[in-house]
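These notes are about the structure you will find just below.
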Amino acid sequence: MDAALRAIAEPRRREILDLVRTRERSAGDIAARFDVSRPAISQHLAVLEDAGLVSARRDGNRRLYRARPEGMAELREYLDGFWTVHLAKLKDAAEHEQRRRRGRRNR
Amino acid sequence: MADATAEDLYRQDVRIDAAPDVVFEFFVDGEHMLRWMGIEAKLDATPGGEFRVDVNGRDVAVGEFVEIDRPHRVVFTFGWLDSADMPPGCSRVEVTLTPDEDGTLLRFEHRLVPADRLAQHAEGWDHFLPRLAVAGAGADPGPDPWLDESPH
């Protein structure tokens, strides 16, 4: 999970992820869209792949990349644990406050 | 935004038996915030104002208010202090309150800020989610139930 968080922390990696979300692309195709070196893009792709956010396959001498939707699903599941608990507490606290105000008004 | 689902990290609708103006206070007032999240809060609910909540004595959520439309909508960025892994500017929380009879329908959305908009948010942001991961490891016991429940 840490790896996925770290992977999407870098804006360029999120752009790469966007590029391969709907279609498979070669490393060369991806690199051509950025103003940084090809090795830098390869490094970003490796980080994304290690984090499980993209998958790669070989096609002749090219490597083709595609987003793995399951990768983001894990991140969402993780945040789910944090926010769901807190939103339940928020609901309780707000309803308690509302009852307190109504009680005061009716007194 | 090319693909909204790509940026959505978390979304939930919650029906609350309290009026929108009551619910709204829980996002913009520190004392109210502490009733549902954190042990210390400093909130300056003006555009560009500070959002800072010490969640458990170790993990401090930091951000900046982006939009305050009382009592309908509040937007703030959200990240973790002293975490080099994930910058706060890359995610934000959007809360929308809709009156529902004598209560409120709260829509809570936490999403990544699209990369092309990141530059304008980048200044002043340093950190984000990994503290969540660290907090999830749950070494320190805290008042936050999420810490206790997380198996990570």
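Each chain in the structure tokens gets a letter, A, B, ..., in the order shown, and its residues are numbered from 1; ligands are numbered from 1 in order too.
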- Task: Could you give me, as number ranges by chain, each residue of chain A that DSSP assigns to helix (DSSP H, G or I) when run on this structure's backbone?
- Result: A: 2-9, 11-19, 27-32, 38-50, 69-106
- Query: If we count only C-alpha atoms, which residues of chain A reach to within 7 Å of chain B? Please list them as a ChimeraX atom specification.
  - Reply: /A:2,5-6,9,11,14-15,76,79-82,85-86,89-91,93-95,98
Quick one: everything within 10 Å of Glu70 of chain A, counting only C-alpha atoms, minus sequence neighbours fewer than 6 positions away in the same chain. Send it as a tab-separated table (two decimals) with C-alpha atoms, in the first residue's frame.
```tsv
chain	number	residue	atom	x	y	z
A	52	GLY	CA	0.94	-2.59	-8.91
A	53	LEU	CA	-0.62	0.45	-10.57
A	54	VAL	CA	0.41	-0.56	-14.11
A	76	ARG	CA	-9.45	3.50	-1.97
```
- Item | Computed interatomic separation between atom CA of Glu77 of chain A and atom CA of Arg57 of chain A (Å) | 26.9 Å
- Message: Restricting the calculation to only C-alpha atoms: of A:Arg12, A:Tyr65, A:Asp50, A:Arg38, which residue gets closest to Ser26 of chain A?
- Response: A:Tyr65
- Neighbour list for segment 67-74 of chain B as a PyMOL selection string, cut-off 7 Å, only C-alpha atoms, skip fewer than 5 positions in-chain: chain B and resi 20-21+24+45-47+94-98
Filtering to C-alpha atoms, could you give me those residues as a compact mmCIF listing (two decimals), in the first residue's frame?
```txt
# COMPACT_ATOMS: atom_id res chain seq x y z
CA PRO B 20 -26.91 21.94 7.39
CA ASP B 21 -25.75 24.94 9.44
CA PHE B 24 -21.25 22.80 8.65
CA ALA B 45 -12.03 28.81 7.48
CA THR B 46 -11.29 31.45 4.87
CA PRO B 47 -10.02 30.76 1.35
CA GLU B 94 -14.98 18.30 -0.89
CA VAL B 95 -17.99 18.37 1.41
CA THR B 96 -21.43 19.21 0.03
CA LEU B 97 -24.44 19.66 2.33
CA THR B 98 -27.98 19.47 0.97
```
- Task: Would you kindly return, as a list in words, each protein, DNA or RNA residue with an atom no farther than 12 Å from any atom of Ala32 of chain A, considering only C-alpha atoms and excluding same-chain residues fewer than 5 positions away?
- Result: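 Once the nearby chain positions are removed, what remains is Ile16, Leu19, Arg25, Ser26, Ala27, Ser37, Arg38, Pro39, Ala40, Ile41 and Ser42 of chain A.
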Written selection (N, CA, C and O atoms) as a PDB file, in the first residue's frame:
```pdb
ATOM      1  N   ILE A  16       1.340   9.846 -16.277  1.00  0.00           N
ATOM      2  CA  ILE A  16       1.598   8.589 -16.992  1.00  0.00           C
ATOM      3  C   ILE A  16       0.426   7.631 -16.783  1.00  0.00           C
ATOM      4  O   ILE A  16      -0.066   7.003 -17.718  1.00  0.00           O
ATOM      5  N   LEU A  19      -2.336   8.434 -18.973  1.00  0.00           N
ATOM      6  CA  LEU A  19      -2.093   8.055 -20.376  1.00  0.00           C
ATOM      7  C   LEU A  19      -2.411   6.591 -20.648  1.00  0.00           C
ATOM      8  O   LEU A  19      -2.852   6.237 -21.736  1.00  0.00           O
ATOM      9  N   ARG A  25       0.139   1.545 -23.981  1.00  0.00           N
ATOM     10  CA  ARG A  25       1.112   2.362 -24.720  1.00  0.00           C
ATOM     11  C   ARG A  25       2.510   1.845 -24.458  1.00  0.00           C
ATOM     12  O   ARG A  25       2.809   1.314 -23.385  1.00  0.00           O
ATOM     13  N   SER A  26       3.374   2.055 -25.449  1.00  0.00           N
ATOM     14  CA  SER A  26       4.775   1.657 -25.277  1.00  0.00           C
ATOM     15  C   SER A  26       5.503   2.723 -24.458  1.00  0.00           C
ATOM     16  O   SER A  26       5.075   3.880 -24.377  1.00  0.00           O
ATOM     17  N   ALA A  27       6.628   2.310 -23.879  1.00  0.00           N
ATOM     18  CA  ALA A  27       7.438   3.247 -23.102  1.00  0.00           C
ATOM     19  C   ALA A  27       7.875   4.423 -23.976  1.00  0.00           C
ATOM     20  O   ALA A  27       7.890   5.571 -23.530  1.00  0.00           O
ATOM     21  N   SER A  37      13.933  12.977 -19.745  1.00  0.00           N
ATOM     22  CA  SER A  37      14.678  11.927 -20.433  1.00  0.00           C
ATOM     23  C   SER A  37      13.932  10.594 -20.428  1.00  0.00           C
ATOM     24  O   SER A  37      13.129  10.307 -19.538  1.00  0.00           O
ATOM     25  N   ARG A  38      14.226   9.793 -21.406  1.00  0.00           N
ATOM     26  CA  ARG A  38      13.645   8.467 -21.497  1.00  0.00           C
ATOM     27  C   ARG A  38      13.961   7.612 -20.253  1.00  0.00           C
ATOM     28  O   ARG A  38      13.065   6.948 -19.722  1.00  0.00           O
ATOM     29  N   PRO A  39      15.210   7.643 -19.764  1.00  0.00           N
ATOM     30  CA  PRO A  39      15.487   6.873 -18.535  1.00  0.00           C
ATOM     31  C   PRO A  39      14.632   7.326 -17.357  1.00  0.00           C
ATOM     32  O   PRO A  39      14.213   6.502 -16.531  1.00  0.00           O
ATOM     33  N   ALA A  40      14.370   8.628 -17.283  1.00  0.00           N
ATOM     34  CA  ALA A  40      13.533   9.123 -16.174  1.00  0.00           C
ATOM     35  C   ALA A  40      12.129   8.532 -16.278  1.00  0.00           C
ATOM     36  O   ALA A  40      11.530   8.126 -15.273  1.00  0.00           O
ATOM     37  N   ILE A  41      11.603   8.477 -17.505  1.00  0.00           N
ATOM     38  CA  ILE A  41      10.272   7.895 -17.701  1.00  0.00           C
ATOM     39  C   ILE A  41      10.292   6.402 -17.373  1.00  0.00           C
ATOM     40  O   ILE A  41       9.374   5.881 -16.731  1.00  0.00           O
ATOM     41  N   SER A  42      11.354   5.726 -17.784  1.00  0.00           N
ATOM     42  CA  SER A  42      11.474   4.296 -17.468  1.00  0.00           C
ATOM     43  C   SER A  42      11.459   4.075 -15.962  1.00  0.00           C
ATOM     44  O   SER A  42      10.848   3.131 -15.458  1.00  0.00           O
TER      45      SER A  42
END
```
- Task: Fewer than 5 positions away in the same chain doesn't count, so skip those; otherwise give me all residues within 8 Å of Arg13 of chain A, counting only C-alpha atoms, as a PyMOL selection string.
- Result: chain A and resi 7-8+44-45+48
Dump as a PDB file, in the first residue's frame, selection limited to N, CA, C and O atoms:
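Wrote it out as again18.pdb, contents follow:
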```pdb
ATOM      1  N   ALA A   7       3.827   6.091  -5.220  1.00  0.00           N
ATOM      2  CA  ALA A   7       3.845   6.133  -6.685  1.00  0.00           C
ATOM      3  C   ALA A   7       2.999   7.281  -7.218  1.00  0.00           C
ATOM      4  O   ALA A   7       3.397   7.985  -8.141  1.00  0.00           O
ATOM      5  N   ILE A   8       1.840   7.491  -6.633  1.00  0.00           N
ATOM      6  CA  ILE A   8       0.973   8.543  -7.172  1.00  0.00           C
ATOM      7  C   ILE A   8       1.245   9.905  -6.562  1.00  0.00           C
ATOM      8  O   ILE A   8       0.610  10.882  -6.909  1.00  0.00           O
ATOM      9  N   HIS A  44      10.028   6.049 -13.728  1.00  0.00           N
ATOM     10  CA  HIS A  44       8.654   6.265 -13.260  1.00  0.00           C
ATOM     11  C   HIS A  44       7.795   5.030 -13.554  1.00  0.00           C
ATOM     12  O   HIS A  44       6.990   4.607 -12.720  1.00  0.00           O
ATOM     13  N   LEU A  45       7.967   4.468 -14.737  1.00  0.00           N
ATOM     14  CA  LEU A  45       7.182   3.277 -15.103  1.00  0.00           C
ATOM     15  C   LEU A  45       7.504   2.107 -14.172  1.00  0.00           C
ATOM     16  O   LEU A  45       6.617   1.353 -13.773  1.00  0.00           O
ATOM     17  N   LEU A  48       5.711   2.661 -10.919  1.00  0.00           N
ATOM     18  CA  LEU A  48       4.274   2.377 -11.071  1.00  0.00           C
ATOM     19  C   LEU A  48       4.030   0.869 -11.154  1.00  0.00           C
ATOM     20  O   LEU A  48       3.062   0.351 -10.591  1.00  0.00           O
TER      21      LEU A  48
END
```
- In terms of the shortest atom-to-atom distance over only C-alpha atoms, which of A:Asp92, A:Gly28, A:Leu87, A:Gln43 is closest to Arg62 of chain A? A:Gly28
- Task: Would you please extract all strand (DSSP E) residues from chain A, as assigned by DSSP on the backbone, and give them as a list in words?
- Result: Arg25, Ser26, Val54, Ser55, Ala56, Arg57, Arg58, Asp59, Arg62, Arg63, Leu64, Tyr65, Arg66 and Ala67 of chain A
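For the atom pair formed by atom CA of Leu81 of chain B and atom CA of Ala88 of chain A, the distance is 24.6 Å, given to one decimal.
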- Do you have the atom CA of Ile39 of chain B-atom CA of Val66 of chain B distance handy? 23.1 Å
- Do a neighbour search on Glu40 of chain B at 8 Å with only C-alpha atoms, toss out local chain neighbours closer than 3 positions, and write the hits as number ranges by chain. B: 30, 34, 53-55
File of the preceding selection, all heavy atoms, as a PDB file, in the first residue's frame:
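The result, written out as part-v3.pdb:
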```pdb
ATOM      1  N   GLY B  30     -12.803  24.559  15.102  1.00  0.00           N
ATOM      2  CA  GLY B  30     -11.895  23.607  15.735  1.00  0.00           C
ATOM      3  C   GLY B  30     -12.535  22.811  16.857  1.00  0.00           C
ATOM      4  O   GLY B  30     -12.388  21.590  16.931  1.00  0.00           O
ATOM      5  N   LEU B  34     -13.047  18.609  16.804  1.00  0.00           N
ATOM      6  CA  LEU B  34     -12.492  17.650  17.761  1.00  0.00           C
ATOM      7  C   LEU B  34     -13.527  16.661  18.283  1.00  0.00           C
ATOM      8  O   LEU B  34     -13.168  15.651  18.869  1.00  0.00           O
ATOM      9  CB  LEU B  34     -11.840  18.390  18.934  1.00  0.00           C
ATOM     10  CG  LEU B  34     -10.642  19.257  18.560  1.00  0.00           C
ATOM     11  CD1 LEU B  34     -10.011  19.859  19.810  1.00  0.00           C
ATOM     12  CD2 LEU B  34      -9.609  18.448  17.779  1.00  0.00           C
ATOM     13  N   VAL B  53      -5.164  19.577  11.808  1.00  0.00           N
ATOM     14  CA  VAL B  53      -5.773  18.732  12.823  1.00  0.00           C
ATOM     15  C   VAL B  53      -4.765  17.666  13.255  1.00  0.00           C
ATOM     16  O   VAL B  53      -4.298  16.867  12.440  1.00  0.00           O
ATOM     17  CB  VAL B  53      -7.047  18.028  12.294  1.00  0.00           C
ATOM     18  CG1 VAL B  53      -7.645  17.138  13.376  1.00  0.00           C
ATOM     19  CG2 VAL B  53      -8.081  19.050  11.828  1.00  0.00           C
ATOM     20  N   ASP B  54      -4.432  17.695  14.543  1.00  0.00           N
ATOM     21  CA  ASP B  54      -3.590  16.637  15.096  1.00  0.00           C
ATOM     22  C   ASP B  54      -4.529  15.461  15.369  1.00  0.00           C
ATOM     23  O   ASP B  54      -5.361  15.500  16.264  1.00  0.00           O
ATOM     24  CB  ASP B  54      -2.938  17.136  16.395  1.00  0.00           C
ATOM     25  CG  ASP B  54      -1.968  16.111  16.969  1.00  0.00           C
ATOM     26  OD1 ASP B  54      -2.102  14.913  16.650  1.00  0.00           O
ATOM     27  OD2 ASP B  54      -1.095  16.518  17.755  1.00  0.00           O
ATOM     28  N   VAL B  55      -4.391  14.428  14.557  1.00  0.00           N
ATOM     29  CA  VAL B  55      -5.363  13.343  14.574  1.00  0.00           C
ATOM     30  C   VAL B  55      -5.220  12.463  15.818  1.00  0.00           C
ATOM     31  O   VAL B  55      -6.203  11.988  16.374  1.00  0.00           O
ATOM     32  CB  VAL B  55      -5.236  12.504  13.280  1.00  0.00           C
ATOM     33  CG1 VAL B  55      -6.062  11.241  13.357  1.00  0.00           C
ATOM     34  CG2 VAL B  55      -5.688  13.332  12.080  1.00  0.00           C
TER      35      VAL B  55
END
```
